[in-house]
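Let me begin by presenting the structure, written as structure tokens, before commenting on it.
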Amino acid sequence: DRPRRAAAADRRAATARVRSEGARTPLLILAQATAPLTVREREIALLAAVGNASKDIATVLALSVRTVDNHLQHAYAKLGVTTRHELAQALGVVE
């Protein structure tokens with residue numbers, strides 16, 4: 001019921017797995033804390049992550065700004081982020 005917390009916990013777990021040099025347990029193998037982004041959410045999130053404004057994304061994709069912002073909010077919730085910078089990090093656009 002709390003996708004942002006679940007996604008943040010998943011990122012922390014992924015970091016811990018990297019630090020643990022390949023530790024594998026059944027729970028680590030099977031755990032999937034977050035819902036995947038839809039194709040449209042990912043498309044819009046990537047455009048936003050590289051610095052495009054919602055208005056520009058809406059123009060390019062022939063959508064309303066409100067629709068773009070709704071997709072971004074869904075992506076933020078699924079990824080457990082609150083800013084475009086965090087979005088870029090979660091999508092691997094910047095380090």
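Chain labels follow the order of the structure tokens: the first chain is A, the next B, and so on; residue numbering restarts at 1 in every chain, and ligands are counted from 1 in their shown order.
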query = Got a sec: who's within 12 Å of Glu43 in chain A, counting only C-alpha atoms, leaving out chain neighbours fewer than 4 positions off, as a ChimeraX atom specification?
reply = /A:37-39,47-50,52,57-58,60-61,68,71-72,75,91
key: Who sits within 9 Å of Arg11 in chain A, only C-alpha atoms, same chain under 4 positions skipped, as a list in words   =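 Listed by chain and then number, they are Ala6, Ala7, Thr15, Ala16, Leu79, Gly80 and Ala90 of chain A.
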If you keep N, CA and C atoms, can you produce a file of those selected residues as a short mmCIF file (atom, residue, chain, number, x, y, z; two decimals), in the first residue's frame?
```
data_model
loop_
_atom_site.label_atom_id
_atom_site.label_comp_id
_atom_site.auth_asym_id
_atom_site.auth_seq_id
_atom_site.Cartn_x
_atom_site.Cartn_y
_atom_site.Cartn_z
N ALA A 6 8.19 1.35 -0.48
CA ALA A 6 8.63 0.07 -1.01
C ALA A 6 9.76 0.27 -2.02
N ALA A 7 9.62 1.25 -2.89
CA ALA A 7 10.66 1.51 -3.90
C ALA A 7 11.94 2.00 -3.24
N THR A 15 21.48 -1.54 -3.06
CA THR A 15 22.79 -1.00 -2.65
C THR A 15 23.47 -1.96 -1.69
N ALA A 16 22.71 -2.49 -0.75
CA ALA A 16 23.28 -3.44 0.22
C ALA A 16 23.75 -4.71 -0.48
N LEU A 79 8.56 4.56 -8.22
CA LEU A 79 10.01 4.55 -8.02
C LEU A 79 10.43 5.07 -6.65
N GLY A 80 9.49 5.62 -5.90
CA GLY A 80 9.80 6.11 -4.57
C GLY A 80 10.62 7.38 -4.57
N ALA A 90 17.11 7.33 -10.28
CA ALA A 90 16.42 6.04 -10.24
C ALA A 90 16.40 5.38 -11.61
#
```
task = Excluding Gln73 in chain A and residues on its chain fewer than 5 positions from it, collect all residues at most 12 Å away from it, counting only C-alpha atoms, and give them as a ChimeraX atom specification.
result = /A:3-4,37,41-42,44-45,48,54,66-68,78-84,87
request  = Could you tell me how far CA of Leu46 in chain A lies from CA of Val94 in chain A, in Å and to one decimal?
outcome  =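 For CA of Leu46 in chain A relative to CA of Val94 in chain A, the distance reads 11.1 Å.
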message = Using Å and a single decimal, report how far CA of Gln89 in chain A sits from CA of Ser20 in chain A.
response =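 CA of Gln89 in chain A lies at a distance of 21.4 Å from CA of Ser20 in chain A.
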For CA of Arg2 in chain A and CA of Leu63 in chain A, the interatomic separation in Å (one decimal) =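 Calculated distance between CA of Arg2 in chain A and CA of Leu63 in chain A is 28.2 Å.
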Report the residues of chain A whose backbone DSSP state falls under helix (DSSP H, G or I), written as a PDB file with N, CA and C atoms, in the first residue's frame.
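See part-v8.pdb below for the written result:
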```pdb
ATOM      1  N   PRO A   3       3.830   2.459  -2.130  1.00  0.00           N
ATOM      2  CA  PRO A   3       4.809   2.207  -3.185  1.00  0.00           C
ATOM      3  C   PRO A   3       6.083   3.030  -3.065  1.00  0.00           C
ATOM      4  N   ARG A   4       5.994   4.259  -2.578  1.00  0.00           N
ATOM      5  CA  ARG A   4       7.220   5.063  -2.448  1.00  0.00           C
ATOM      6  C   ARG A   4       8.160   4.453  -1.424  1.00  0.00           C
ATOM      7  N   ARG A   5       7.604   4.059  -0.293  1.00  0.00           N
ATOM      8  CA  ARG A   5       8.450   3.432   0.731  1.00  0.00           C
ATOM      9  C   ARG A   5       9.001   2.102   0.232  1.00  0.00           C
ATOM     10  N   ALA A   6       8.188   1.353  -0.480  1.00  0.00           N
ATOM     11  CA  ALA A   6       8.634   0.068  -1.012  1.00  0.00           C
ATOM     12  C   ALA A   6       9.762   0.266  -2.021  1.00  0.00           C
ATOM     13  N   ALA A   7       9.617   1.249  -2.893  1.00  0.00           N
ATOM     14  CA  ALA A   7      10.660   1.509  -3.897  1.00  0.00           C
ATOM     15  C   ALA A   7      11.941   1.996  -3.237  1.00  0.00           C
ATOM     16  N   ALA A   8      11.817   2.858  -2.240  1.00  0.00           N
ATOM     17  CA  ALA A   8      13.005   3.341  -1.528  1.00  0.00           C
ATOM     18  C   ALA A   8      13.692   2.183  -0.812  1.00  0.00           C
ATOM     19  N   ALA A   9      12.928   1.303  -0.199  1.00  0.00           N
ATOM     20  CA  ALA A   9      13.498   0.135   0.475  1.00  0.00           C
ATOM     21  C   ALA A   9      14.175  -0.785  -0.534  1.00  0.00           C
ATOM     22  N   ASP A  10      13.581  -0.932  -1.708  1.00  0.00           N
ATOM     23  CA  ASP A  10      14.164  -1.762  -2.753  1.00  0.00           C
ATOM     24  C   ASP A  10      15.507  -1.201  -3.215  1.00  0.00           C
ATOM     25  N   ARG A  11      15.589   0.126  -3.365  1.00  0.00           N
ATOM     26  CA  ARG A  11      16.870   0.745  -3.753  1.00  0.00           C
ATOM     27  C   ARG A  11      17.924   0.548  -2.681  1.00  0.00           C
ATOM     28  N   ARG A  12      17.532   0.703  -1.398  1.00  0.00           N
ATOM     29  CA  ARG A  12      18.492   0.482  -0.308  1.00  0.00           C
ATOM     30  C   ARG A  12      18.958  -0.970  -0.298  1.00  0.00           C
ATOM     31  N   ALA A  13      18.040  -1.895  -0.541  1.00  0.00           N
ATOM     32  CA  ALA A  13      18.396  -3.316  -0.582  1.00  0.00           C
ATOM     33  C   ALA A  13      19.349  -3.600  -1.737  1.00  0.00           C
ATOM     34  N   ALA A  14      19.107  -2.976  -2.886  1.00  0.00           N
ATOM     35  CA  ALA A  14      19.987  -3.169  -4.035  1.00  0.00           C
ATOM     36  C   ALA A  14      21.390  -2.672  -3.730  1.00  0.00           C
ATOM     37  N   THR A  15      21.480  -1.540  -3.055  1.00  0.00           N
ATOM     38  CA  THR A  15      22.786  -1.004  -2.655  1.00  0.00           C
ATOM     39  C   THR A  15      23.474  -1.963  -1.693  1.00  0.00           C
ATOM     40  N   ALA A  16      22.710  -2.486  -0.748  1.00  0.00           N
ATOM     41  CA  ALA A  16      23.278  -3.441   0.217  1.00  0.00           C
ATOM     42  C   ALA A  16      23.747  -4.714  -0.481  1.00  0.00           C
ATOM     43  N   ARG A  17      22.986  -5.180  -1.489  1.00  0.00           N
ATOM     44  CA  ARG A  17      23.391  -6.379  -2.229  1.00  0.00           C
ATOM     45  C   ARG A  17      24.716  -6.154  -2.945  1.00  0.00           C
ATOM     46  N   VAL A  18      24.887  -4.965  -3.520  1.00  0.00           N
ATOM     47  CA  VAL A  18      26.139  -4.660  -4.208  1.00  0.00           C
ATOM     48  C   VAL A  18      27.296  -4.671  -3.218  1.00  0.00           C
ATOM     49  N   ARG A  19      27.078  -4.084  -2.062  1.00  0.00           N
ATOM     50  CA  ARG A  19      28.127  -4.041  -1.025  1.00  0.00           C
ATOM     51  C   ARG A  19      28.422  -5.429  -0.468  1.00  0.00           C
ATOM     52  N   PRO A  26      16.943 -16.753  -0.919  1.00  0.00           N
ATOM     53  CA  PRO A  26      15.666 -16.876  -1.641  1.00  0.00           C
ATOM     54  C   PRO A  26      14.868 -15.579  -1.651  1.00  0.00           C
ATOM     55  N   LEU A  27      14.845 -14.865  -0.536  1.00  0.00           N
ATOM     56  CA  LEU A  27      14.088 -13.615  -0.478  1.00  0.00           C
ATOM     57  C   LEU A  27      14.681 -12.567  -1.411  1.00  0.00           C
ATOM     58  N   LEU A  28      16.002 -12.447  -1.440  1.00  0.00           N
ATOM     59  CA  LEU A  28      16.628 -11.469  -2.329  1.00  0.00           C
ATOM     60  C   LEU A  28      16.370 -11.802  -3.792  1.00  0.00           C
ATOM     61  N   ILE A  29      16.305 -13.069  -4.101  1.00  0.00           N
ATOM     62  CA  ILE A  29      16.088 -13.480  -5.488  1.00  0.00           C
ATOM     63  C   ILE A  29      14.646 -13.225  -5.917  1.00  0.00           C
ATOM     64  N   LEU A  30      13.691 -13.481  -5.033  1.00  0.00           N
ATOM     65  CA  LEU A  30      12.283 -13.401  -5.394  1.00  0.00           C
ATOM     66  C   LEU A  30      11.641 -12.047  -5.144  1.00  0.00           C
ATOM     67  N   VAL A  39       4.895   1.487 -20.239  1.00  0.00           N
ATOM     68  CA  VAL A  39       5.714   2.003 -21.343  1.00  0.00           C
ATOM     69  C   VAL A  39       5.597   3.528 -21.410  1.00  0.00           C
ATOM     70  N   ARG A  40       4.392   4.054 -21.277  1.00  0.00           N
ATOM     71  CA  ARG A  40       4.176   5.501 -21.364  1.00  0.00           C
ATOM     72  C   ARG A  40       4.804   6.218 -20.163  1.00  0.00           C
ATOM     73  N   GLU A  41       4.650   5.659 -18.965  1.00  0.00           N
ATOM     74  CA  GLU A  41       5.270   6.267 -17.775  1.00  0.00           C
ATOM     75  C   GLU A  41       6.780   6.332 -17.946  1.00  0.00           C
ATOM     76  N   ARG A  42       7.370   5.250 -18.443  1.00  0.00           N
ATOM     77  CA  ARG A  42       8.826   5.217 -18.637  1.00  0.00           C
ATOM     78  C   ARG A  42       9.251   6.234 -19.692  1.00  0.00           C
ATOM     79  N   GLU A  43       8.516   6.314 -20.786  1.00  0.00           N
ATOM     80  CA  GLU A  43       8.824   7.268 -21.852  1.00  0.00           C
ATOM     81  C   GLU A  43       8.815   8.704 -21.309  1.00  0.00           C
ATOM     82  N   ILE A  44       7.768   9.045 -20.587  1.00  0.00           N
ATOM     83  CA  ILE A  44       7.634  10.396 -20.045  1.00  0.00           C
ATOM     84  C   ILE A  44       8.665  10.637 -18.952  1.00  0.00           C
ATOM     85  N   ALA A  45       8.883   9.648 -18.100  1.00  0.00           N
ATOM     86  CA  ALA A  45       9.864   9.794 -17.024  1.00  0.00           C
ATOM     87  C   ALA A  45      11.263  10.030 -17.584  1.00  0.00           C
ATOM     88  N   LEU A  46      11.626   9.310 -18.629  1.00  0.00           N
ATOM     89  CA  LEU A  46      12.945   9.503 -19.238  1.00  0.00           C
ATOM     90  C   LEU A  46      13.086  10.892 -19.849  1.00  0.00           C
ATOM     91  N   LEU A  47      12.029  11.358 -20.501  1.00  0.00           N
ATOM     92  CA  LEU A  47      12.069  12.708 -21.070  1.00  0.00           C
ATOM     93  C   LEU A  47      12.202  13.761 -19.974  1.00  0.00           C
ATOM     94  N   ALA A  48      11.510  13.552 -18.866  1.00  0.00           N
ATOM     95  CA  ALA A  48      11.599  14.492 -17.745  1.00  0.00           C
ATOM     96  C   ALA A  48      12.964  14.405 -17.071  1.00  0.00           C
ATOM     97  N   ALA A  49      13.496  13.203 -16.973  1.00  0.00           N
ATOM     98  CA  ALA A  49      14.771  12.994 -16.281  1.00  0.00           C
ATOM     99  C   ALA A  49      15.943  13.685 -16.975  1.00  0.00           C
ATOM    100  N   SER A  54       7.436  19.660 -18.484  1.00  0.00           N
ATOM    101  CA  SER A  54       6.173  18.958 -18.764  1.00  0.00           C
ATOM    102  C   SER A  54       5.491  19.508 -20.008  1.00  0.00           C
ATOM    103  N   LYS A  55       5.530  20.817 -20.178  1.00  0.00           N
ATOM    104  CA  LYS A  55       4.900  21.447 -21.341  1.00  0.00           C
ATOM    105  C   LYS A  55       5.552  20.970 -22.638  1.00  0.00           C
ATOM    106  N   ASP A  56       6.872  20.875 -22.630  1.00  0.00           N
ATOM    107  CA  ASP A  56       7.588  20.420 -23.822  1.00  0.00           C
ATOM    108  C   ASP A  56       7.299  18.951 -24.122  1.00  0.00           C
ATOM    109  N   ILE A  57       7.250  18.138 -23.076  1.00  0.00           N
ATOM    110  CA  ILE A  57       6.933  16.720 -23.245  1.00  0.00           C
ATOM    111  C   ILE A  57       5.526  16.572 -23.820  1.00  0.00           C
ATOM    112  N   ALA A  58       4.600  17.352 -23.280  1.00  0.00           N
ATOM    113  CA  ALA A  58       3.214  17.310 -23.753  1.00  0.00           C
ATOM    114  C   ALA A  58       3.129  17.670 -25.230  1.00  0.00           C
ATOM    115  N   THR A  59       3.866  18.670 -25.645  1.00  0.00           N
ATOM    116  CA  THR A  59       3.857  19.088 -27.048  1.00  0.00           C
ATOM    117  C   THR A  59       4.408  17.994 -27.954  1.00  0.00           C
ATOM    118  N   VAL A  60       5.538  17.421 -27.572  1.00  0.00           N
ATOM    119  CA  VAL A  60       6.175  16.385 -28.388  1.00  0.00           C
ATOM    120  C   VAL A  60       5.297  15.147 -28.510  1.00  0.00           C
ATOM    121  N   LEU A  61       4.638  14.761 -27.412  1.00  0.00           N
ATOM    122  CA  LEU A  61       3.845  13.530 -27.406  1.00  0.00           C
ATOM    123  C   LEU A  61       2.360  13.756 -27.707  1.00  0.00           C
ATOM    124  N   VAL A  65      -0.641  18.778 -20.661  1.00  0.00           N
ATOM    125  CA  VAL A  65       0.346  18.905 -19.585  1.00  0.00           C
ATOM    126  C   VAL A  65      -0.136  18.126 -18.359  1.00  0.00           C
ATOM    127  N   ARG A  66      -1.429  18.168 -18.111  1.00  0.00           N
ATOM    128  CA  ARG A  66      -1.981  17.443 -16.971  1.00  0.00           C
ATOM    129  C   ARG A  66      -1.746  15.934 -17.106  1.00  0.00           C
ATOM    130  N   THR A  67      -1.920  15.395 -18.297  1.00  0.00           N
ATOM    131  CA  THR A  67      -1.678  13.969 -18.527  1.00  0.00           C
ATOM    132  C   THR A  67      -0.209  13.628 -18.281  1.00  0.00           C
ATOM    133  N   VAL A  68       0.676  14.472 -18.777  1.00  0.00           N
ATOM    134  CA  VAL A  68       2.109  14.265 -18.549  1.00  0.00           C
ATOM    135  C   VAL A  68       2.395  14.265 -17.050  1.00  0.00           C
ATOM    136  N   ASP A  69       1.872  15.259 -16.343  1.00  0.00           N
ATOM    137  CA  ASP A  69       2.110  15.349 -14.899  1.00  0.00           C
ATOM    138  C   ASP A  69       1.526  14.157 -14.150  1.00  0.00           C
ATOM    139  N   ASN A  70       0.368  13.661 -14.592  1.00  0.00           N
ATOM    140  CA  ASN A  70      -0.215  12.470 -13.959  1.00  0.00           C
ATOM    141  C   ASN A  70       0.684  11.252 -14.153  1.00  0.00           C
ATOM    142  N   HIS A  71       1.198  11.074 -15.359  1.00  0.00           N
ATOM    143  CA  HIS A  71       2.118   9.956 -15.609  1.00  0.00           C
ATOM    144  C   HIS A  71       3.380  10.102 -14.759  1.00  0.00           C
ATOM    145  N   LEU A  72       3.873  11.319 -14.645  1.00  0.00           N
ATOM    146  CA  LEU A  72       5.058  11.539 -13.810  1.00  0.00           C
ATOM    147  C   LEU A  72       4.778  11.211 -12.352  1.00  0.00           C
ATOM    148  N   GLN A  73       3.630  11.606 -11.851  1.00  0.00           N
ATOM    149  CA  GLN A  73       3.293  11.306 -10.457  1.00  0.00           C
ATOM    150  C   GLN A  73       3.208   9.798 -10.225  1.00  0.00           C
ATOM    151  N   HIS A  74       2.649   9.077 -11.170  1.00  0.00           N
ATOM    152  CA  HIS A  74       2.598   7.615 -11.046  1.00  0.00           C
ATOM    153  C   HIS A  74       4.008   7.033 -11.041  1.00  0.00           C
ATOM    154  N   ALA A  75       4.862   7.530 -11.914  1.00  0.00           N
ATOM    155  CA  ALA A  75       6.243   7.050 -11.970  1.00  0.00           C
ATOM    156  C   ALA A  75       6.978   7.386 -10.678  1.00  0.00           C
ATOM    157  N   TYR A  76       6.789   8.608 -10.162  1.00  0.00           N
ATOM    158  CA  TYR A  76       7.414   8.992  -8.895  1.00  0.00           C
ATOM    159  C   TYR A  76       7.002   8.032  -7.786  1.00  0.00           C
ATOM    160  N   ALA A  77       5.714   7.734  -7.705  1.00  0.00           N
ATOM    161  CA  ALA A  77       5.209   6.856  -6.651  1.00  0.00           C
ATOM    162  C   ALA A  77       5.786   5.449  -6.786  1.00  0.00           C
ATOM    163  N   LYS A  78       5.824   4.940  -8.006  1.00  0.00           N
ATOM    164  CA  LYS A  78       6.339   3.592  -8.219  1.00  0.00           C
ATOM    165  C   LYS A  78       7.832   3.493  -7.933  1.00  0.00           C
ATOM    166  N   LEU A  79       8.562   4.562  -8.221  1.00  0.00           N
ATOM    167  CA  LEU A  79      10.011   4.552  -8.019  1.00  0.00           C
ATOM    168  C   LEU A  79      10.430   5.065  -6.646  1.00  0.00           C
ATOM    169  N   ARG A  84      12.713  15.492  -9.871  1.00  0.00           N
ATOM    170  CA  ARG A  84      13.214  15.049 -11.182  1.00  0.00           C
ATOM    171  C   ARG A  84      14.664  14.587 -11.086  1.00  0.00           C
ATOM    172  N   HIS A  85      15.421  15.178 -10.186  1.00  0.00           N
ATOM    173  CA  HIS A  85      16.799  14.723  -9.986  1.00  0.00           C
ATOM    174  C   HIS A  85      16.811  13.284  -9.466  1.00  0.00           C
ATOM    175  N   GLU A  86      15.971  12.996  -8.475  1.00  0.00           N
ATOM    176  CA  GLU A  86      15.862  11.638  -7.947  1.00  0.00           C
ATOM    177  C   GLU A  86      15.340  10.688  -9.033  1.00  0.00           C
ATOM    178  N   LEU A  87      14.434  11.184  -9.847  1.00  0.00           N
ATOM    179  CA  LEU A  87      13.903  10.400 -10.954  1.00  0.00           C
ATOM    180  C   LEU A  87      15.031  10.013 -11.901  1.00  0.00           C
ATOM    181  N   ALA A  88      15.876  10.972 -12.249  1.00  0.00           N
ATOM    182  CA  ALA A  88      17.007  10.711 -13.133  1.00  0.00           C
ATOM    183  C   ALA A  88      17.943   9.661 -12.525  1.00  0.00           C
ATOM    184  N   GLN A  89      18.189   9.757 -11.224  1.00  0.00           N
ATOM    185  CA  GLN A  89      19.052   8.780 -10.560  1.00  0.00           C
ATOM    186  C   GLN A  89      18.411   7.398 -10.577  1.00  0.00           C
ATOM    187  N   ALA A  90      17.112   7.334 -10.284  1.00  0.00           N
ATOM    188  CA  ALA A  90      16.424   6.042 -10.241  1.00  0.00           C
ATOM    189  C   ALA A  90      16.397   5.376 -11.608  1.00  0.00           C
TER     190      ALA A  90
END
```
